$ cat data.txt   # compact mmCIF, C-alpha atoms
# COMPACT_ATOMS: atom_id res chain seq x y z
CA MET O 22 0.00 0.00 0.00
CA ASN O 23 2.78 2.48 0.87
CA GLY O 24 4.14 2.54 -2.67
CA THR O 25 0.79 3.20 -4.35
CA VAL O 26 -0.75 5.94 -2.20
CA PRO O 27 -0.03 9.55 -3.30
CA GLU O 28 1.47 11.94 -0.79
CA ASP O 29 -1.70 14.02 -0.50
CA ARG O 30 -3.52 10.94 0.81
CA ARG O 31 -1.01 10.24 3.59
CA GLN O 32 -1.36 11.46 7.17
CA ALA O 33 1.20 11.69 9.97
CA VAL O 34 0.62 9.41 12.97
CA ALA O 35 1.29 10.02 16.66
CA LEU O 36 0.83 7.50 19.47
CA THR O 37 -0.17 8.28 23.04
CA ILE O 38 0.47 5.77 25.83
CA ALA O 39 -1.39 7.12 28.82
CA GLY O 40 -4.43 6.95 31.07
CA SER O 41 -8.03 7.73 30.25
CA ASP O 42 -9.74 10.74 31.85
CA SER O 43 -13.47 10.12 32.19
CA GLY O 44 -14.10 13.88 32.15
CA GLY O 45 -12.25 14.36 28.87
CA ASN O 46 -10.00 17.16 30.13
CA ALA O 47 -6.66 15.35 30.39
CA GLY O 48 -4.99 12.05 29.52
CA ILE O 49 -5.83 10.09 26.39
CA GLN O 50 -8.79 12.33 25.59
CA ALA O 51 -6.73 15.52 25.72
CA ASP O 52 -4.03 13.88 23.62
CA LEU O 53 -6.45 12.84 20.88
CA ARG O 54 -8.05 16.29 20.87
CA THR O 55 -4.59 17.81 20.42
CA PHE O 56 -3.50 15.37 17.71
CA HIS O 57 -6.68 16.23 15.82
CA GLY O 58 -5.88 19.94 16.15
CA PHE O 59 -2.52 19.32 14.49
CA GLY O 60 -4.02 17.24 11.67
CA VAL O 61 -2.33 14.09 12.95
CA HIS O 62 -3.92 10.65 13.24
CA GLY O 63 -3.90 9.50 16.85
CA CYS O 64 -3.25 5.94 18.00
CA THR O 65 -3.77 5.04 21.66
CA ALA O 66 -2.51 2.48 24.14
CA ILE O 67 -4.50 2.88 27.35
CA ALA O 68 -2.50 2.19 30.50
CA ALA O 69 -5.21 3.03 33.04
CA LEU O 70 -8.80 4.08 33.51
CA THR O 71 -9.55 6.91 35.90
CA ALA O 72 -12.78 8.11 37.45
CA GLN O 73 -12.25 11.83 37.54
CA ASN O 74 -13.59 15.28 36.84
CA PRO O 75 -12.18 18.77 37.46
CA LEU O 76 -12.89 18.34 41.18
CA GLY O 77 -10.55 15.36 41.55
CA VAL O 78 -9.71 11.72 40.92
CA THR O 79 -11.96 9.24 42.73
CA GLY O 80 -10.68 5.96 41.31
CA ILE O 81 -7.89 4.40 39.21
CA LEU O 82 -7.94 1.01 37.48
CA THR O 83 -4.61 0.13 35.88
CA ALA O 84 -4.30 -2.05 32.81
CA ASP O 85 -2.58 -5.40 32.82
CA ALA O 86 0.99 -4.91 31.57
CA ASP O 87 0.69 -7.79 29.10
CA PHE O 88 -2.45 -6.26 27.61
CA LEU O 89 -0.78 -2.86 27.31
CA GLY O 90 1.98 -4.60 25.39
CA LYS O 91 -0.56 -6.21 23.08
CA GLN O 92 -2.08 -2.81 22.34
CA LEU O 93 1.35 -1.50 21.38
CA ASP O 94 2.18 -4.56 19.25
CA ALA O 95 -1.10 -4.16 17.36
CA ILE O 96 -0.33 -0.50 16.63
CA PHE O 97 3.26 -1.01 15.51
CA ALA O 98 2.21 -3.87 13.22
CA CYS O 99 0.10 -1.60 11.00
CA TYR O 100 0.81 2.09 11.60
CA THR O 101 3.76 4.27 10.63
CA VAL O 102 4.16 6.01 13.98
CA GLY O 103 6.01 9.31 13.60
CA ALA O 104 6.24 10.21 17.29
CA ILE O 105 5.17 8.86 20.67
CA LYS O 106 4.19 10.48 23.94
CA THR O 107 3.86 8.71 27.26
CA GLY O 108 1.70 9.99 30.08
CA MET O 109 0.28 8.24 33.12
CA LEU O 110 2.05 4.89 33.57
CA ALA O 111 1.11 4.05 37.12
CA ASN O 112 3.49 1.20 37.96
CA ALA O 113 6.80 -0.39 37.12
CA GLU O 114 5.27 -3.27 35.16
CA LEU O 115 3.51 -0.93 32.74
CA MET O 116 6.68 1.12 32.28
CA GLU O 117 8.69 -2.03 31.57
CA ALA O 118 6.20 -3.18 28.92
CA VAL O 119 6.52 0.22 27.24
CA ALA O 120 10.31 0.43 27.58
CA VAL O 121 10.85 -2.97 25.93
CA ARG O 122 8.90 -1.93 22.86
CA LEU O 123 10.44 1.52 22.63
CA ALA O 124 13.92 0.00 22.75
CA ALA O 125 13.13 -1.87 19.54
CA ARG O 126 12.07 1.35 17.79
CA SER O 127 14.84 3.79 18.59
CA ALA O 128 14.22 5.89 15.47
CA ILE O 129 10.84 7.13 16.73
CA PRO O 130 11.11 10.27 18.89
CA VAL O 131 9.47 9.85 22.31
CA VAL O 132 8.15 12.63 24.52
CA VAL O 133 8.02 11.36 28.11
CA ASP O 134 5.67 13.25 30.41
CA PRO O 135 6.57 11.83 33.85
CA VAL O 136 3.06 12.06 35.30
CA MET O 137 3.32 11.57 39.06
CA VAL O 138 0.65 13.65 40.79
CA ALA O 139 -2.64 15.07 39.50
CA THR O 140 -3.37 18.76 39.89
CA SER O 141 -5.93 17.76 42.53
CA GLY O 142 -3.13 16.11 44.55
CA ALA O 143 -4.03 12.49 43.74
CA ARG O 144 -0.95 10.27 43.43
CA LEU O 145 -0.75 8.77 39.94
CA LEU O 146 2.60 6.95 40.18
CA GLU O 147 3.55 4.27 42.67
CA ASP O 148 6.71 5.00 44.67
CA CYS O 149 8.48 1.88 43.41
CA ALA O 150 7.86 2.95 39.81
CA VAL O 151 9.94 6.11 40.13
CA GLU O 152 13.18 4.13 39.82
CA THR O 153 11.87 2.33 36.73
CA LEU O 154 11.01 5.71 35.24
CA LYS O 155 14.54 6.90 35.91
CA MET O 156 16.32 3.76 34.69
CA ARG O 157 14.17 2.51 31.82
CA LEU O 158 11.91 5.20 30.43
CA ALA O 159 13.65 8.57 30.82
CA PRO O 160 16.84 7.47 29.00
CA ARG O 161 14.69 6.47 26.00
CA ALA O 162 13.18 9.94 25.68
CA ALA O 163 13.98 12.48 23.02
CA LEU O 164 12.33 14.97 25.38
CA LEU O 165 11.42 14.67 29.07
CA THR O 166 8.79 17.18 30.26
CA PRO O 167 8.68 17.33 34.08
CA ASN O 168 7.01 20.13 35.98
CA ARG O 169 8.91 21.51 38.94
CA PRO O 170 7.56 19.05 41.57
CA GLU O 171 8.31 16.13 39.24
CA ALA O 172 11.82 17.44 38.60
CA GLU O 173 12.31 17.65 42.37
CA VAL O 174 11.37 13.98 42.71
CA LEU O 175 13.75 13.00 39.90
CA LEU O 176 16.62 14.98 41.44
CA GLY O 177 15.80 14.35 45.10
CA ARG O 178 16.00 18.02 46.08
CA ARG O 179 14.01 21.23 46.11
CA ILE O 180 14.09 23.72 43.24
CA ALA O 181 13.55 27.11 44.81
CA ASP O 182 13.81 29.62 41.96
CA ARG O 183 14.63 30.23 38.31
CA PRO O 184 18.45 29.94 38.65
CA GLU O 185 18.02 26.59 40.41
CA ALA O 186 15.57 25.50 37.71
CA ILE O 187 18.18 26.24 35.03
CA VAL O 188 20.75 24.14 36.91
CA ALA O 189 18.16 21.38 37.36
CA ALA O 190 17.33 21.29 33.65
CA ARG O 191 21.02 20.95 32.76
CA GLU O 192 21.54 18.22 35.37
CA LEU O 193 18.53 16.21 34.18
CA ALA O 194 19.65 16.51 30.55
CA ALA O 195 23.12 15.23 31.46
CA ARG O 196 21.74 12.44 33.65
CA TYR O 197 19.29 11.01 31.11
CA GLY O 198 20.99 11.95 27.86
CA CYS O 199 17.93 13.69 26.43
CA ALA O 200 16.46 17.14 26.03
CA ILE O 201 14.56 18.50 29.05
CA LEU O 202 11.57 20.81 29.04
CA LEU O 203 11.22 21.93 32.66
CA LYS O 204 7.72 23.35 32.91
CA GLY O 205 7.25 26.51 34.93
CA GLY O 206 3.59 26.47 35.84
CA HIS O 207 4.48 26.11 39.53
CA ASP O 208 6.77 29.16 39.43
CA SER O 209 4.64 32.16 40.39
CA ALA O 210 7.44 34.58 39.44
CA HIS O 211 7.79 33.17 35.90
CA ARG O 212 4.39 31.63 35.20
CA GLY O 213 3.98 30.59 31.59
CA GLU O 214 7.75 30.09 31.15
CA ASP O 215 9.27 26.69 30.39
CA LEU O 216 12.99 25.93 30.19
CA LEU O 217 14.31 23.83 27.29
CA CYS O 218 17.74 22.30 27.79
CA LEU O 219 19.42 20.91 24.68
CA GLY O 220 22.87 19.74 25.71
CA ASP O 221 24.44 22.54 27.75
CA GLY O 222 22.29 25.26 26.24
CA VAL O 223 19.12 26.45 27.96
CA MET O 224 16.36 28.48 26.33
CA ALA O 225 13.29 29.99 27.99
CA PHE O 226 9.96 29.73 26.17
CA SER O 227 7.22 31.98 27.50
CA THR O 228 3.73 33.10 26.53
CA PRO O 229 1.51 35.86 27.90
CA VAL O 230 -0.35 35.02 31.10
CA VAL O 231 -4.07 34.47 30.51
CA ALA O 232 -6.00 36.30 33.20
CA ASP O 233 -8.70 34.23 34.95
CA PRO O 234 -8.66 31.23 32.59
CA LEU O 235 -11.76 29.05 32.54
CA SER O 236 -9.61 25.92 32.75
CA THR O 237 -5.99 24.83 32.96
CA HIS O 238 -6.86 21.16 33.60
CA GLY O 239 -4.91 18.98 31.18
CA THR O 240 -2.37 21.56 30.07
CA GLY O 241 0.57 19.26 30.82
CA CYS O 242 -0.90 16.41 28.77
CA THR O 243 -1.83 18.83 26.01
CA LEU O 244 1.65 20.33 25.81
CA SER O 245 3.44 16.98 25.52
CA ALA O 246 0.85 15.78 22.98
CA ALA O 247 1.25 18.96 20.93
CA ILE O 248 5.02 18.57 20.86
CA ALA O 249 4.68 14.91 19.82
CA ALA O 250 2.22 15.85 17.08
CA SER O 251 4.59 18.51 15.79
CA LEU O 252 7.48 16.02 15.80
CA ALA O 253 5.32 13.53 13.90
CA ARG O 254 4.84 16.21 11.24
CA GLY O 255 8.62 16.44 10.83
CA ARG O 256 9.41 19.51 12.91
CA GLY O 257 12.67 19.82 14.82
CA LEU O 258 12.58 19.80 18.61
CA GLU O 259 12.91 23.56 19.13
CA GLU O 260 10.19 24.28 16.57
CA ALA O 261 7.98 21.57 18.07
CA VAL O 262 8.28 23.12 21.53
CA THR O 263 7.40 26.53 20.06
CA GLU O 264 4.30 25.10 18.37
CA GLY O 265 3.37 23.21 21.52
CA LYS O 266 3.60 26.33 23.66
CA ALA O 267 1.55 28.30 21.13
CA TYR O 268 -1.13 25.62 21.05
CA VAL O 269 -1.46 25.45 24.84
CA TYR O 270 -1.56 29.24 25.17
CA GLU O 271 -4.37 29.49 22.64
CA ALA O 272 -6.20 26.52 24.21
CA ILE O 273 -6.15 28.25 27.60
CA ARG O 274 -7.19 31.57 26.06
CA THR O 275 -10.18 30.00 24.28
CA GLY O 276 -11.44 27.72 27.09
CA ARG O 277 -15.12 26.76 27.20
CA VAL O 278 -17.63 25.96 29.94
CA VAL O 279 -19.07 22.43 29.60
CA GLY O 280 -21.02 21.99 32.83
CA PRO O 281 -21.97 23.54 36.18
CA PHE O 282 -18.58 22.61 37.65
CA ALA O 283 -16.54 21.95 34.52
CA ALA O 284 -14.68 23.83 31.84
CA VAL O 285 -12.31 22.56 29.19
CA LEU O 286 -9.42 23.90 27.15
CA GLY O 287 -10.36 25.35 23.79
CA MET O 288 -9.67 23.92 20.34
CA PRO O 289 -7.29 26.41 18.70
CA ALA O 290 -8.11 27.31 15.11
CA ARG O 291 -4.53 28.53 14.57
CA LEU O 292 -1.09 28.32 16.13
CA PRO O 293 -0.13 31.81 17.38
CA VAL O 294 3.62 31.13 17.34
CA GLU O 295 4.17 34.89 17.40
CA ALA O 296 2.94 34.84 21.02
CA VAL O 297 5.84 32.60 22.07
CA ARG O 298 8.88 34.50 23.33
CA ARG O 299 12.21 32.63 23.18
CA GLU O 300 15.23 33.71 25.18
CA VAL O 301 18.66 32.10 25.28
CA LEU O 302 19.86 31.94 28.88
$ encode --input "data.txt" --output "C-alpha cells"
Amino acid sequence: MNGTVPEDRRQAVALTIAGSDSGGNAGIQADLRTFHGFGVHGCTAIAALTAQNPLGVTGILTADADFLGKQLDAIFACYTVGAIKTGMLANAELMEAVAVRLAARSAIPVVVDPVMVATSGARLLEDCAVETLKMRLAPRAALLTPNRPEAEVLLGRRIADRPEAIVAARELAARYGCAILLKGGHDSAHRGEDLLCLGDGVMAFSTPVVADPLSTHGTGCTLSAAIAASLARGRGLEEAVTEGKAYVYEAIRTGRVVGPFAAVLGMPARLPVEAVRREVL
C-alpha cells in the first residue's frame, strides 16, 4: 500500500500511551483532541482508567501490563508512527512493557511526560515505579517534560527559583541523555515560562499570562501531545516546543464551559507562534 498511495492521501501518525480521563480534560482524551488539532492521526494504548472530573480523581484502574503490550504490538504492526508520547504509567510493570517496545524502535522520537501527581493532589505513580522511570523510560526519551515538583522527585531536592531550575534542567539533561523541558507552571514569578535544555544550552519559552482562565486542567498532557504531534509532522525539537507552547496558550485563552462545575481547554483554530517568546539563557 505504501508505494501506491499519493502523498496528498497520507497522514502523519502520533501514538499516546497514557491513562483515560473520564471527564475528557486530560490524559488520552486531551491527547487525541490535540492530535486532531494538528491534523495528525492519533493511535492510543490505554494504561489506566480513571474516574475523575475537574474536582478530583476518585478511582484508578490500571491495565494489565501484558495487555498494554498487546495494544502496542497491534499498533506497531500496521501504523507508521512518527512520534510517541507517554503519560500516566502508574506502575513499574507498565513502564517495563513500554520500555521494551520503545527500545526496539529507537528511530521514533518519544516525549516522556513523567506524570506523578494530578493537579488535585491524587498520586498517579507508585513509589516503586519512580526508579523504573529513571532507569528505563527517561533514557529512552527524546524529550522529558517534568514540571517543577516532578523534577524535584527525579533529582531528590528542592528547586527554589529560576536559577536553580536552570541548573536542574542541565543536570537532568546530562543524567538522562535527552532534552529537558522543565515546565514553569508552579513558578509564580515566571508563570507561563518553560525551560528547554538541549545539551548545555538552555532556552526559555514563555507566553503571555491568561487572566482568569476558565480551565488549565490537562495543560501538561496537552503540551506533551502537541510537541509529539509537531514532531510527527517532521518539525525539529525547538520548533515543536514553540508550536506546543503556542497551542497550549491558545487553548487556555479560548477555554469553554461544559457543565456547572466543569470547563475545558479550547480547540485552537490557529497556532499563534508569534505569542511565544524565546530567550537564550
$ closest_atom_pairs --input "data.txt" --of "range 66-138 of chain O" --to "range 257-278 of chain O" --cutoff "12 Å" --atoms "only C-alpha atoms" --output "CSV"
residue,atom,partner,partner_atom,distance
O:Pro75,CA,O:Val278,CA,11.7
O:Ala104,CA,O:Ala261,CA,11.5
O:Pro130,CA,O:Leu258,CA,9.6
O:Val131,CA,O:Leu258,CA,11.1
O:Val132,CA,O:Leu258,CA,10.3
$ atom_distance --input "data.txt" --atom1 "CA of Arg299 in chain O" --atom2 "CA of Leu176 in chain O"
25.8 Å
$ closest_atom_pairs --input "data.txt" --of "range 56-130 of chain O" --to "range 241-247 of chain O" --cutoff "9 Å" --atoms "all atoms listed in the file" --output "CSV"
residue,atom,partner,partner_atom,distance
O:Phe56,CA,O:Ala247,CA,6.8
O:Gly58,CA,O:Ala247,CA,8.6
O:Phe59,CA,O:Ala247,CA,7.5
O:Ile105,CA,O:Ala246,CA,8.5
O:Lys106,CA,O:Ala246,CA,6.3
O:Thr107,CA,O:Ser245,CA,8.5
O:Gly108,CA,O:Cys242,CA,7.0
$ closest_residue --input "data.txt" --among "O:Ala283, O:Phe88, O:Leu219, O:Leu115" --to "Arg157 in chain O" --atoms "only C-alpha atoms"
O:Leu115
$ atom_distance --input "data.txt" --atom1 "CA of Val136 in chain O" --atom2 "CA of Ala162 in chain O"
14.1 Å
$ residues_around --input "data.txt" --residues "Gly80 in chain O" --least-positions-apart "2" --cutoff "9 Å" --atoms "all atoms listed in the file" --output "PyMOL selection string"
chain O and resi 70-73+78+82
$ axis_aligned_box --input "data.txt" --around "range 70-77 of chain O" --padding-each-side "4 Å" --output "lines of an AutoDock Vina configuration file"
center_x = -11.2
center_y = 11.4
center_z = 37.5
size_x = 12.8
size_y = 22.7
size_z = 16.0
$ closest_residue --input "data.txt" --among "O:Cys149, O:Ile248, O:Leu203, O:Ala128" --to "Glu171 in chain O" --atoms "all atoms listed in the file"
O:Leu203
$ closest_residue --input "data.txt" --among "O:Glu28, O:Glu214, O:Asp94, O:Glu147" --to "Leu202 in chain O" --atoms "only C-alpha atoms"
O:Glu214
$ atom_distance --input "data.txt" --atom1 "CA of Ala290 in chain O" --atom2 "CA of Thr240 in chain O"
17.0 Å
$ closest_residue --input "data.txt" --among "O:Met109, O:Ala190, O:Leu146, O:Ala172" --to "Asp52 in chain O" --atoms "all atoms listed in the file"
O:Met109
